[in-house]
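Q: Next comes the structure file protein-v5.tsv, holding TSV, C-alpha atoms.
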chain	number	residue	atom	x	y	z
Y	645	MET	CA	4.94	-36.04	-1.50
Y	646	LEU	CA	4.88	-38.89	-4.01
Y	647	GLN	CA	5.20	-38.58	-7.76
Y	648	LEU	CA	2.25	-40.02	-9.66
Y	649	THR	CA	3.02	-42.28	-12.62
Y	650	GLN	CA	2.09	-41.16	-16.12
Y	651	ASP	CA	-0.79	-43.66	-16.17
Y	652	GLN	CA	-2.14	-42.31	-12.90
Y	653	LEU	CA	-1.88	-38.75	-14.17
Y	654	GLY	CA	-3.84	-39.70	-17.26
Y	655	SER	CA	-3.18	-39.18	-20.93
Y	656	ASP	CA	-5.31	-36.02	-20.91
Y	657	ARG	CA	-2.67	-34.18	-18.89
Y	658	THR	CA	-0.57	-33.05	-21.86
Y	659	LYS	CA	-3.25	-30.92	-23.51
Y	660	PRO	CA	-4.01	-28.57	-20.60
Y	661	ILE	CA	-0.27	-28.12	-19.91
Y	662	LEU	CA	0.26	-27.08	-23.54
Y	663	ILE	CA	-2.68	-24.68	-23.36
Y	664	ILE	CA	-1.33	-23.21	-20.12
Y	665	LYS	CA	2.10	-22.75	-21.69
Y	666	ILE	CA	0.63	-20.81	-24.62
Y	667	MET	CA	-1.88	-18.80	-22.60
Y	668	LEU	CA	0.70	-17.76	-19.99
Y	669	PHE	CA	1.95	-15.11	-22.43
Y	670	SER	CA	-1.21	-13.25	-21.43
Y	671	ALA	CA	0.70	-12.35	-18.25
Y	672	SER	CA	2.54	-9.80	-20.42
Y	673	LEU	CA	-0.15	-9.03	-23.00
Y	674	ILE	CA	-2.99	-8.24	-20.59
Y	675	PRO	CA	-1.12	-5.68	-18.43
Y	676	SER	CA	0.06	-3.99	-21.63
Y	677	LEU	CA	-3.48	-3.98	-23.04
Y	678	VAL	CA	-4.93	-2.46	-19.87
Y	679	ALA	CA	-2.16	0.17	-19.70
Y	680	GLY	CA	-2.78	1.03	-23.34
Y	681	ALA	CA	-6.50	1.36	-22.69
Y	682	LEU	CA	-5.82	3.66	-19.74
Y	683	ALA	CA	-3.57	5.78	-21.95
Y	684	TRP	CA	-6.37	5.91	-24.54
Y	685	TYR	CA	-8.82	6.94	-21.82
Y	686	ASN	CA	-6.52	9.80	-20.78
Y	687	GLY	CA	-5.68	10.83	-24.35
Y	688	TYR	CA	-2.07	9.59	-24.55
Y	689	PHE	CA	-2.26	6.50	-26.75
Y	690	SER	CA	0.17	5.97	-29.65
Y	691	TRP	CA	0.68	2.72	-31.53
Y	692	THR	CA	4.47	2.63	-32.01
Y	693	PRO	CA	5.52	2.99	-28.36
Y	694	PHE	CA	2.65	0.72	-27.30
Y	695	LEU	CA	3.79	-2.10	-29.60
Y	696	MET	CA	7.44	-1.64	-28.62
Y	697	ALA	CA	6.59	-1.70	-24.91
Y	698	THR	CA	4.45	-4.82	-25.42
Y	699	LEU	CA	7.31	-6.51	-27.25
Y	700	GLY	CA	9.59	-5.58	-24.37
Y	701	LEU	CA	7.26	-7.22	-21.85
Y	702	LEU	CA	6.95	-10.37	-23.97
Y	703	LEU	CA	10.72	-10.64	-24.37
Y	704	GLY	CA	11.20	-10.07	-20.66
Y	705	GLN	CA	8.76	-12.83	-19.79
Y	706	THR	CA	10.25	-15.18	-22.40
Y	707	GLY	CA	13.79	-14.52	-21.22
Y	708	GLY	CA	12.71	-15.01	-17.63
Y	709	ASP	CA	11.09	-18.35	-18.52
Y	710	TYR	CA	14.28	-19.64	-20.16
Y	711	LEU	CA	16.45	-18.51	-17.26
Y	712	TYR	CA	13.98	-20.00	-14.75
Y	713	TYR	CA	14.08	-23.31	-16.62
Y	714	TYR	CA	17.89	-23.21	-16.72
Y	715	PHE	CA	18.42	-22.27	-13.08
Y	716	THR	CA	16.01	-24.96	-11.84
Y	717	ASP	CA	18.24	-27.44	-13.70
Y	718	MET	CA	15.61	-28.10	-16.38
Y	719	HIS	CA	12.90	-28.30	-13.68
Y	720	THR	CA	14.57	-31.22	-11.92
Y	721	ASP	CA	15.29	-29.32	-8.70
Y	722	THR	CA	12.88	-30.77	-6.12
Y	723	ARG	CA	12.30	-27.28	-4.67
Y	724	ASP	CA	10.58	-26.35	-7.94
Y	725	ALA	CA	6.85	-27.14	-7.99
Y	726	HIS	CA	7.04	-27.95	-11.72
Y	727	THR	CA	8.74	-31.24	-10.84
Y	728	LYS	CA	5.33	-32.30	-9.53
Y	729	ILE	CA	1.94	-31.40	-10.95
Y	730	PHE	CA	3.38	-29.55	-13.97
Y	731	ALA	CA	6.12	-32.08	-14.68
Y	732	GLY	CA	6.91	-31.90	-18.38
Y	733	TRP	CA	6.38	-28.16	-18.67
Y	734	LYS	CA	9.20	-26.42	-20.49
Y	735	PRO	CA	9.65	-23.26	-22.59
Y	736	PHE	CA	9.18	-23.60	-26.33
Y	737	PHE	CA	12.09	-25.34	-28.11
Y	738	ALA	CA	13.76	-26.25	-24.80
Y	739	GLY	CA	15.13	-29.79	-24.89
Y	740	SER	CA	14.47	-30.17	-28.61
Y	741	VAL	CA	16.06	-27.34	-30.60
Y	742	LEU	CA	17.83	-25.84	-27.59
Y	743	ASN	CA	20.16	-27.74	-25.28
Y	744	LYS	CA	20.91	-26.52	-21.77
Y	745	THR	CA	23.53	-24.01	-22.92
Y	746	GLY	CA	21.23	-22.83	-25.70
Y	747	ILE	CA	18.46	-22.25	-23.17
Y	748	LEU	CA	20.74	-19.99	-21.12
Y	749	ILE	CA	21.92	-18.08	-24.20
Y	750	THR	CA	18.34	-17.60	-25.46
Y	751	GLY	CA	17.26	-16.19	-22.11
Y	752	ILE	CA	20.19	-13.77	-22.10
Y	753	VAL	CA	19.54	-12.69	-25.72
Y	754	CYS	CA	15.91	-11.86	-24.90
Y	755	LEU	CA	17.03	-9.61	-22.05
Y	756	VAL	CA	19.76	-7.97	-24.17
Y	757	ILE	CA	17.16	-7.04	-26.80
Y	758	ASP	CA	15.08	-5.58	-23.97
Y	759	ILE	CA	18.06	-3.41	-23.00
Y	760	PHE	CA	18.05	-1.87	-26.49
Y	761	ILE	CA	14.30	-1.23	-26.28
Y	762	ALA	CA	14.77	0.38	-22.86
Y	763	TRP	CA	17.62	2.49	-24.26
Y	764	TYR	CA	15.35	3.71	-27.08
Y	765	PHE	CA	12.74	4.88	-24.56
Y	766	TYR	CA	15.45	6.31	-22.30
Y	767	GLN	CA	16.48	8.66	-25.09
Y	768	GLN	CA	12.96	10.09	-25.10
Y	769	LEU	CA	11.76	9.77	-21.53
Y	770	GLY	CA	14.85	9.87	-19.33
Y	771	THR	CA	16.03	7.78	-16.41
Y	772	THR	CA	12.65	6.69	-15.00
Y	773	ILE	CA	11.80	4.26	-17.79
Y	774	PHE	CA	15.31	2.76	-17.68
Y	775	ILE	CA	14.93	2.14	-13.94
Y	776	LEU	CA	11.57	0.42	-14.52
Y	777	ALA	CA	13.09	-1.76	-17.26
Y	778	LEU	CA	16.10	-2.53	-15.06
Y	779	LEU	CA	13.82	-3.72	-12.25
Y	780	GLY	CA	12.06	-6.04	-14.68
Y	781	GLY	CA	15.38	-7.44	-15.93
Y	782	LEU	CA	16.68	-8.06	-12.42
Y	783	ILE	CA	13.48	-9.91	-11.54
Y	784	ALA	CA	13.88	-12.11	-14.63
Y	785	ILE	CA	17.46	-12.94	-13.61
Y	786	PHE	CA	16.89	-13.49	-9.89
Y	787	PHE	CA	13.37	-14.98	-9.99
Y	788	THR	CA	14.51	-18.53	-9.23
Y	789	PRO	CA	16.37	-17.75	-5.96
Y	790	LEU	CA	13.49	-15.47	-4.94
Y	791	MET	CA	11.05	-18.32	-5.60
Y	792	TYR	CA	13.14	-20.72	-3.50
Y	793	ARG	CA	12.87	-18.25	-0.62
Y	794	GLY	CA	9.08	-18.14	-0.82
Y	795	TYR	CA	8.68	-14.85	-2.69
Y	796	LYS	CA	7.21	-16.27	-5.89
Y	797	GLU	CA	3.68	-14.86	-5.57
Y	798	PRO	CA	4.68	-11.36	-4.35
Y	799	VAL	CA	7.24	-11.10	-7.18
Y	800	ILE	CA	4.67	-12.21	-9.78
Y	801	PHE	CA	2.14	-9.70	-8.42
Y	802	VAL	CA	4.59	-6.78	-8.60
Y	803	THR	CA	6.04	-7.76	-11.98
Y	804	PHE	CA	2.88	-8.42	-13.98
Y	805	GLY	CA	0.71	-5.99	-12.04
Y	806	PRO	CA	2.06	-2.57	-11.02
Y	807	LEU	CA	5.48	-2.75	-12.70
Y	808	SER	CA	4.17	-3.77	-16.14
Y	809	VAL	CA	1.12	-1.51	-16.20
Y	810	ILE	CA	2.96	1.53	-14.81
Y	811	GLY	CA	5.87	0.94	-17.21
Y	812	VAL	CA	3.72	0.75	-20.35
Y	813	TYR	CA	1.58	3.68	-19.23
Y	814	PHE	CA	4.70	5.77	-18.58
Y	815	VAL	CA	6.01	4.96	-22.06
Y	816	LEU	CA	2.75	6.22	-23.56
Y	817	SER	CA	2.10	9.24	-21.35
Y	818	GLY	CA	5.41	10.24	-19.79
Y	819	ASN	CA	3.57	10.40	-16.46
Y	820	LEU	CA	3.62	8.34	-13.27
Y	821	LEU	CA	0.03	8.55	-12.07
Y	822	ILE	CA	-1.74	6.68	-9.28
Y	823	ASP	CA	-4.36	5.83	-11.94
Y	824	ALA	CA	-1.96	3.29	-13.45
Y	825	LEU	CA	-1.29	1.74	-10.05
Y	826	MET	CA	-5.00	1.38	-9.28
Y	827	VAL	CA	-5.79	-0.11	-12.69
Y	828	SER	CA	-2.91	-2.59	-12.26
Y	829	LEU	CA	-4.22	-4.09	-9.02
Y	830	PRO	CA	-7.00	-6.33	-10.42
Y	831	ILE	CA	-4.58	-7.63	-13.06
Y	832	GLY	CA	-1.81	-8.22	-10.52
Y	833	PHE	CA	-4.07	-10.21	-8.19
Y	834	LEU	CA	-5.46	-12.35	-11.03
Y	835	VAL	CA	-1.99	-13.12	-12.40
Y	836	THR	CA	-1.00	-14.13	-8.88
Y	837	VAL	CA	-3.94	-16.57	-8.73
Y	838	VAL	CA	-2.51	-18.32	-11.80
Y	839	ALA	CA	0.98	-18.42	-10.27
Y	840	TYR	CA	-0.42	-19.72	-6.99
Y	841	LEU	CA	-2.32	-22.55	-8.68
Y	842	LYS	CA	0.78	-23.46	-10.68
Y	843	GLY	CA	2.74	-23.83	-7.46
Y	844	ALA	CA	0.65	-26.68	-6.08
Y	845	ARG	CA	2.11	-30.00	-5.01
Y	846	TYR	CA	0.26	-33.21	-4.29
Y	847	ARG	CA	0.33	-36.62	-2.70
Y	848	ILE	CA	-1.48	-39.82	-3.63
Y	849	SER	CA	-4.70	-40.35	-1.68
Y	850	GLU	CA	-5.62	-43.64	-0.09
Y	851	ASP	CA	-8.96	-43.99	-1.88
Y	852	ALA	CA	-9.62	-46.66	-4.46
Y	853	GLN	CA	-9.29	-44.20	-7.37
Y	854	LYS	CA	-5.83	-43.10	-6.22
Y	855	ASN	CA	-6.80	-39.45	-6.67
Y	856	ALA	CA	-4.34	-36.66	-5.95
Y	857	VAL	CA	-4.61	-34.58	-2.79
Y	858	PHE	CA	-3.32	-31.09	-3.58
Y	859	SER	CA	-1.16	-29.12	-1.17
Y	860	ILE	CA	-2.39	-25.56	-1.52
Y	861	LYS	CA	-3.81	-23.01	0.90
Y	862	LYS	CA	-7.19	-22.55	-0.71
Y	863	ASN	CA	-8.15	-19.53	1.39
Y	864	TRP	CA	-5.24	-17.58	-0.10
Y	865	MET	CA	-6.60	-18.19	-3.59
Y	866	VAL	CA	-10.07	-17.06	-2.49
Y	867	TRP	CA	-8.65	-13.85	-1.02
Y	868	LEU	CA	-6.68	-13.15	-4.18
Y	869	PHE	CA	-9.92	-13.35	-6.18
Y	870	ILE	CA	-11.71	-11.15	-3.63
Y	871	LEU	CA	-8.93	-8.54	-3.71
Y	872	ALA	CA	-8.95	-8.56	-7.52
Y	873	TYR	CA	-12.65	-7.76	-7.74
Y	874	LEU	CA	-12.66	-5.35	-4.79
Y	875	SER	CA	-9.78	-3.39	-6.35
Y	876	ASN	CA	-11.74	-3.24	-9.61
Y	877	ILE	CA	-14.71	-1.78	-7.74
Y	878	ALA	CA	-12.48	0.59	-5.74
Y	879	GLY	CA	-10.89	1.90	-8.92
Y	880	VAL	CA	-14.32	2.92	-10.18
Y	881	VAL	CA	-15.62	4.22	-6.84
Y	882	PHE	CA	-12.59	6.48	-6.35
Y	883	GLY	CA	-12.66	7.75	-9.92
Y	884	PHE	CA	-9.55	6.09	-11.34
Y	885	MET	CA	-11.57	4.09	-13.89
Y	886	PRO	CA	-14.91	4.75	-15.62
Y	887	VAL	CA	-17.96	2.84	-14.47
Y	888	TYR	CA	-17.79	0.70	-17.60
Y	889	SER	CA	-14.66	-0.92	-16.16
Y	890	LEU	CA	-16.96	-2.84	-13.85
Y	891	LEU	CA	-17.41	-5.13	-16.84
Y	892	GLY	CA	-14.44	-6.95	-15.33
Y	893	LEU	CA	-16.78	-8.31	-12.65
Y	894	LEU	CA	-18.49	-10.47	-15.26
Y	895	THR	CA	-15.82	-13.13	-14.71
Y	896	ILE	CA	-16.90	-13.75	-11.10
Y	897	PRO	CA	-18.98	-16.87	-11.97
Y	898	LEU	CA	-15.96	-18.52	-13.60
Y	899	ALA	CA	-13.81	-17.60	-10.60
Y	900	LEU	CA	-16.36	-19.28	-8.33
Y	901	ASN	CA	-16.21	-22.37	-10.52
Y	902	ILE	CA	-12.42	-22.50	-10.09
Y	903	VAL	CA	-12.79	-22.19	-6.32
Y	904	SER	CA	-15.29	-25.06	-6.26
Y	905	VAL	CA	-12.89	-27.34	-8.16
Y	906	VAL	CA	-9.85	-26.50	-6.05
Y	907	ASN	CA	-11.85	-26.82	-2.79
Y	908	GLN	CA	-12.43	-30.53	-3.42
Y	909	LYS	CA	-10.48	-32.69	-0.99
Y	910	SER	CA	-9.02	-34.75	-3.83
Y	911	GLY	CA	-9.44	-35.19	-7.54
Y	912	LYS	CA	-7.81	-35.94	-10.85
Y	913	VAL	CA	-4.70	-33.99	-11.76
Y	914	SER	CA	-6.30	-33.17	-15.10
Y	915	GLN	CA	-9.22	-31.48	-13.30
Y	916	TYR	CA	-6.79	-29.28	-11.41
Y	917	LEU	CA	-4.90	-28.46	-14.60
Y	918	TRP	CA	-8.12	-27.39	-16.34
Y	919	ALA	CA	-8.96	-25.23	-13.32
Y	920	THR	CA	-5.59	-23.54	-13.87
Y	921	VAL	CA	-6.52	-22.99	-17.52
Y	922	LYS	CA	-9.75	-21.37	-16.36
Y	923	SER	CA	-7.81	-19.06	-14.04
Y	924	ILE	CA	-5.89	-17.78	-17.07
Y	925	VAL	CA	-9.20	-17.32	-18.89
Y	926	VAL	CA	-10.40	-15.20	-15.94
Y	927	LEU	CA	-7.24	-13.08	-16.21
Y	928	VAL	CA	-7.62	-12.61	-19.97
Y	929	ALA	CA	-11.36	-11.96	-19.93
Y	930	SER	CA	-11.17	-9.57	-16.96
Y	931	GLY	CA	-8.32	-7.65	-18.54
Y	932	ILE	CA	-10.09	-7.34	-21.88
Y	933	LEU	CA	-13.36	-6.26	-20.21
Y	934	ILE	CA	-11.60	-3.65	-18.05
Y	935	ALA	CA	-9.78	-2.37	-21.15
Y	936	ILE	CA	-13.06	-2.15	-23.06
Y	937	GLY	CA	-14.54	-0.22	-20.16
Y	938	LEU	CA	-11.64	2.24	-20.28
Y	939	VAL	CA	-11.88	2.70	-24.04
Y	940	ILE	CA	-15.64	3.30	-24.18
Y	941	GLY	CA	-15.45	5.35	-20.98
Will you turn the file into structure tokens for me?
A:
Amino acid sequence: MLQLTQDQLGSDRTKPILIIKIMLFSASLIPSLVAGALAWYNGYFSWTPFLMATLGLLLGQTGGDYLYYYFTDMHTDTRDAHTKIFAGWKPFFAGSVLNKTGILITGIVCLVIDIFIAWYFYQQLGTTIFILALLGGLIAIFFTPLMYRGYKEPVIFVTFGPLSVIGVYFVLSGNLLIDALMVSLPIGFLVTVVAYLKGARYRISEDAQKNAVFSIKKNWMVWLFILAYLSNIAGVVFGFMPVYSLLGLLTIPLALNIVSVVNQKSGKVSQYLWATVKSIVVLVASGILIAIGLVIG
């Protein structure tokens, strides 16, 4: 694979990367929102533990991002897809306020704060919540070697799908119910779509426009979308979610638009980046609509 020059990438590349960096925090916020809505639906919702659990997820994701950036040698390791299409992506303050050592320390501090939050919940709920928090922390620490071994998408699915939703729901209800697992599946699959699109590489095409040809198994992305919407339907059919949760299906047209863009044989890198932005919009909108369905249900 060849690295495109900045001119070939286009000056409009910076904006979508910045938007993606900001919107990626939805990977923590949306699972927490859906878990909170499920707790509301079942009569367990309380603001203080919900906000603390949400903070814990955000800190876990932030710490994981800093450690990921550090362990990929500031995204210069060629095994890391961010050296290609997302070249220039970095956590906030990395490389400006924070040097390499500061990046490592910041990542560790985020996870240490999470330990205190987990300890607070442990005092009330026992060992189960501490085990869930420990799993999340270990994933944040070992994500980079897992990614290098080809486990990036499965790890993302488990972390921001079942693990996050079940963890927040357990904090609010004290129960481990299959309801939380079923509600987590659409979110997990949609988060994985985002991760899968972010993992693309490319080469320069031979056409006159020097477009990029993206290296990505498009059928996998299509199946992730299909599984997301089928699991939403299954959750309603089998009684784990109210019928109003089918509002999540309203994002299907945007998902189809993303598929149409990615299915092109070649195109501008900026077009692909905006398709990735749209995939995050699908995640956010679907999560909010499912949560609304749970609340009004």
Q: Which distance in Å separates CA of Tyr685 (chain Y) and CA of Gly780 (chain Y), to one decimal?
A: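 So the answer is 25.6 Å.
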Q: Please, what distance in Å, to one decimal, runs between CA of Trp763 (chain Y) and CA of Ala777 (chain Y)?
A: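 So the answer is 9.4 Å.
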Q: Which is closest to Gln915 (chain Y) among Y:Asn901, Y:Lys796, Y:Phe787, Y:Gly883, if we use only C-alpha atoms?
A: Y:Asn901
Q: Write out as JSON, numbers by chain which residues come within 6 Å of region 798-813 of chain Y when counting only C-alpha atoms, dropping same-chain ones fewer than 2 positions away.
A: {"Y": [675, 679, 697, 795, 796, 815, 816, 817, 824, 825, 828, 831, 832, 836]}
Q: Would you pick out the contacts of Ile752 (chain Y) at 12 Å or less, using all atoms listed in the file, so that residues sharing its chain but fewer than 2 positions from it are not included, and give the list as JSON, numbers by chain?
A: {"Y": [703, 704, 705, 706, 707, 708, 709, 710, 711, 712, 714, 745, 746, 747, 748, 749, 750, 754, 755, 756, 757, 758, 759, 781, 782, 784, 785]}
Q: Counting all atoms listed in the file, which residue out of Y:Ile775, Y:Val866, Y:Ala929, Y:Val838 sits closest to Thr895 (chain Y)?
A: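 For Thr895 (chain Y), the nearest of the given residues is Y:Ala929.
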Q: Looking at Y:Arg845, Y:Ser930, Y:Trp691, Y:Asn863, which one is nearest to Val913 (chain Y), with distances taken over all atoms listed in the file?
A: Y:Arg845
Q: As an exercise, work out the distance from CA of Val678 (chain Y) to CA of Ala935 (chain Y) in Å and give it to one decimal place.
A: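 Separation between CA of Val678 (chain Y) and CA of Ala935 (chain Y): 5.0 Å.
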Q: Determine the nearest neighbour of Leu702 (chain Y) from the options Y:Leu662, Y:Ala919, Y:Leu673, Y:Leu894, counting all atoms listed in the file.
A: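 Of Y:Leu662, Y:Ala919, Y:Leu673, Y:Leu894, the one nearest Leu702 (chain Y), counting all atoms listed in the file, is Y:Leu673.
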Q: Which residue out of Y:Gly931, Y:Lys744, Y:Ser875, Y:Asn907 has the minimum interatomic distance to Lys862 (chain Y) when only C-alpha atoms are used?
A: Y:Asn907
Q: For Tyr764 (chain Y), please output as a compact mmCIF listing (two decimals) with C-alpha atoms, in the coordinates of the input all residues within 10 Å (counting only C-alpha atoms; exclusion window: fewer than 6 positions along the same chain).
A:
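Now in out-v1.txt:
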# COMPACT_ATOMS: atom_id res chain seq x y z
CA PRO Y 693 5.52 2.99 -28.36
CA MET Y 696 7.44 -1.64 -28.62
CA ASP Y 758 15.08 -5.58 -23.97
CA GLY Y 770 14.85 9.87 -19.33
CA ILE Y 773 11.80 4.26 -17.79
CA PHE Y 774 15.31 2.76 -17.68
Q: Using only C-alpha atoms, find the one residue out of Y:Ile902, Y:Tyr873, Y:Val939, Y:Val835 that sits nearest to Met667 (chain Y).
A: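 When distances to Met667 (chain Y) are compared using only C-alpha atoms, the smallest one comes from Y:Val835.
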Q: Since the input is missing atoms for region 683-700 of chain Y, could you rebuild it with N, CA and C atoms and give the result as an mmCIF file, in the frame of the given file?
A:
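Listing of out-v6.cif after writing:
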data_model
loop_
_atom_site.group_PDB
_atom_site.id
_atom_site.type_symbol
_atom_site.label_atom_id
_atom_site.label_comp_id
_atom_site.auth_asym_id
_atom_site.auth_seq_id
_atom_site.Cartn_x
_atom_site.Cartn_y
_atom_site.Cartn_z
ATOM 1 N N ALA Y 683 -4.160 4.673 -21.204
ATOM 2 C CA ALA Y 683 -3.570 5.780 -21.950
ATOM 3 C C ALA Y 683 -4.570 6.341 -22.960
ATOM 4 N N TRP Y 684 -5.318 5.482 -23.607
ATOM 5 C CA TRP Y 684 -6.370 5.910 -24.540
ATOM 6 C C TRP Y 684 -7.411 6.754 -23.797
ATOM 7 N N TYR Y 685 -7.815 6.262 -22.646
ATOM 8 C CA TYR Y 685 -8.820 6.940 -21.820
ATOM 9 C C TYR Y 685 -8.368 8.351 -21.446
ATOM 10 N N ASN Y 686 -7.062 8.497 -21.190
ATOM 11 C CA ASN Y 686 -6.520 9.800 -20.780
ATOM 12 C C ASN Y 686 -5.950 10.607 -21.948
ATOM 13 N N GLY Y 687 -6.078 10.075 -23.168
ATOM 14 C CA GLY Y 687 -5.680 10.830 -24.350
ATOM 15 C C GLY Y 687 -4.203 10.779 -24.691
ATOM 16 N N TYR Y 688 -3.508 9.676 -24.315
ATOM 17 C CA TYR Y 688 -2.070 9.590 -24.550
ATOM 18 C C TYR Y 688 -1.661 8.474 -25.507
ATOM 19 N N PHE Y 689 -2.607 7.739 -26.038
ATOM 20 C CA PHE Y 689 -2.260 6.500 -26.750
ATOM 21 C C PHE Y 689 -1.552 6.780 -28.072
ATOM 22 N N SER Y 690 -0.531 5.938 -28.364
ATOM 23 C CA SER Y 690 0.170 5.970 -29.650
ATOM 24 C C SER Y 690 0.638 4.547 -29.957
ATOM 25 N N TRP Y 691 0.458 4.120 -31.196
ATOM 26 C CA TRP Y 691 0.680 2.720 -31.530
ATOM 27 C C TRP Y 691 2.151 2.281 -31.430
ATOM 28 N N THR Y 692 3.066 3.074 -31.959
ATOM 29 C CA THR Y 692 4.470 2.630 -32.010
ATOM 30 C C THR Y 692 5.062 2.363 -30.622
ATOM 31 N N PRO Y 693 4.987 3.304 -29.695
ATOM 32 C CA PRO Y 693 5.520 2.990 -28.360
ATOM 33 C C PRO Y 693 4.748 1.885 -27.658
ATOM 34 N N PHE Y 694 3.442 1.783 -27.920
ATOM 35 C CA PHE Y 694 2.650 0.720 -27.300
ATOM 36 C C PHE Y 694 3.137 -0.651 -27.755
ATOM 37 N N LEU Y 695 3.348 -0.809 -29.070
ATOM 38 C CA LEU Y 695 3.790 -2.100 -29.600
ATOM 39 C C LEU Y 695 5.213 -2.419 -29.144
ATOM 40 N N MET Y 696 6.075 -1.398 -29.083
ATOM 41 C CA MET Y 696 7.440 -1.640 -28.620
ATOM 42 C C MET Y 696 7.467 -2.033 -27.143
ATOM 43 N N ALA Y 697 6.645 -1.368 -26.336
ATOM 44 C CA ALA Y 697 6.590 -1.700 -24.910
ATOM 45 C C ALA Y 697 6.032 -3.110 -24.715
ATOM 46 N N THR Y 698 5.025 -3.466 -25.497
ATOM 47 C CA THR Y 698 4.450 -4.820 -25.420
ATOM 48 C C THR Y 698 5.478 -5.866 -25.788
ATOM 49 N N LEU Y 699 6.237 -5.590 -26.853
ATOM 50 C CA LEU Y 699 7.310 -6.510 -27.250
ATOM 51 C C LEU Y 699 8.328 -6.647 -26.127
ATOM 52 N N GLY Y 700 8.648 -5.530 -25.473
ATOM 53 C CA GLY Y 700 9.590 -5.580 -24.370
ATOM 54 C C GLY Y 700 9.106 -6.467 -23.235
#
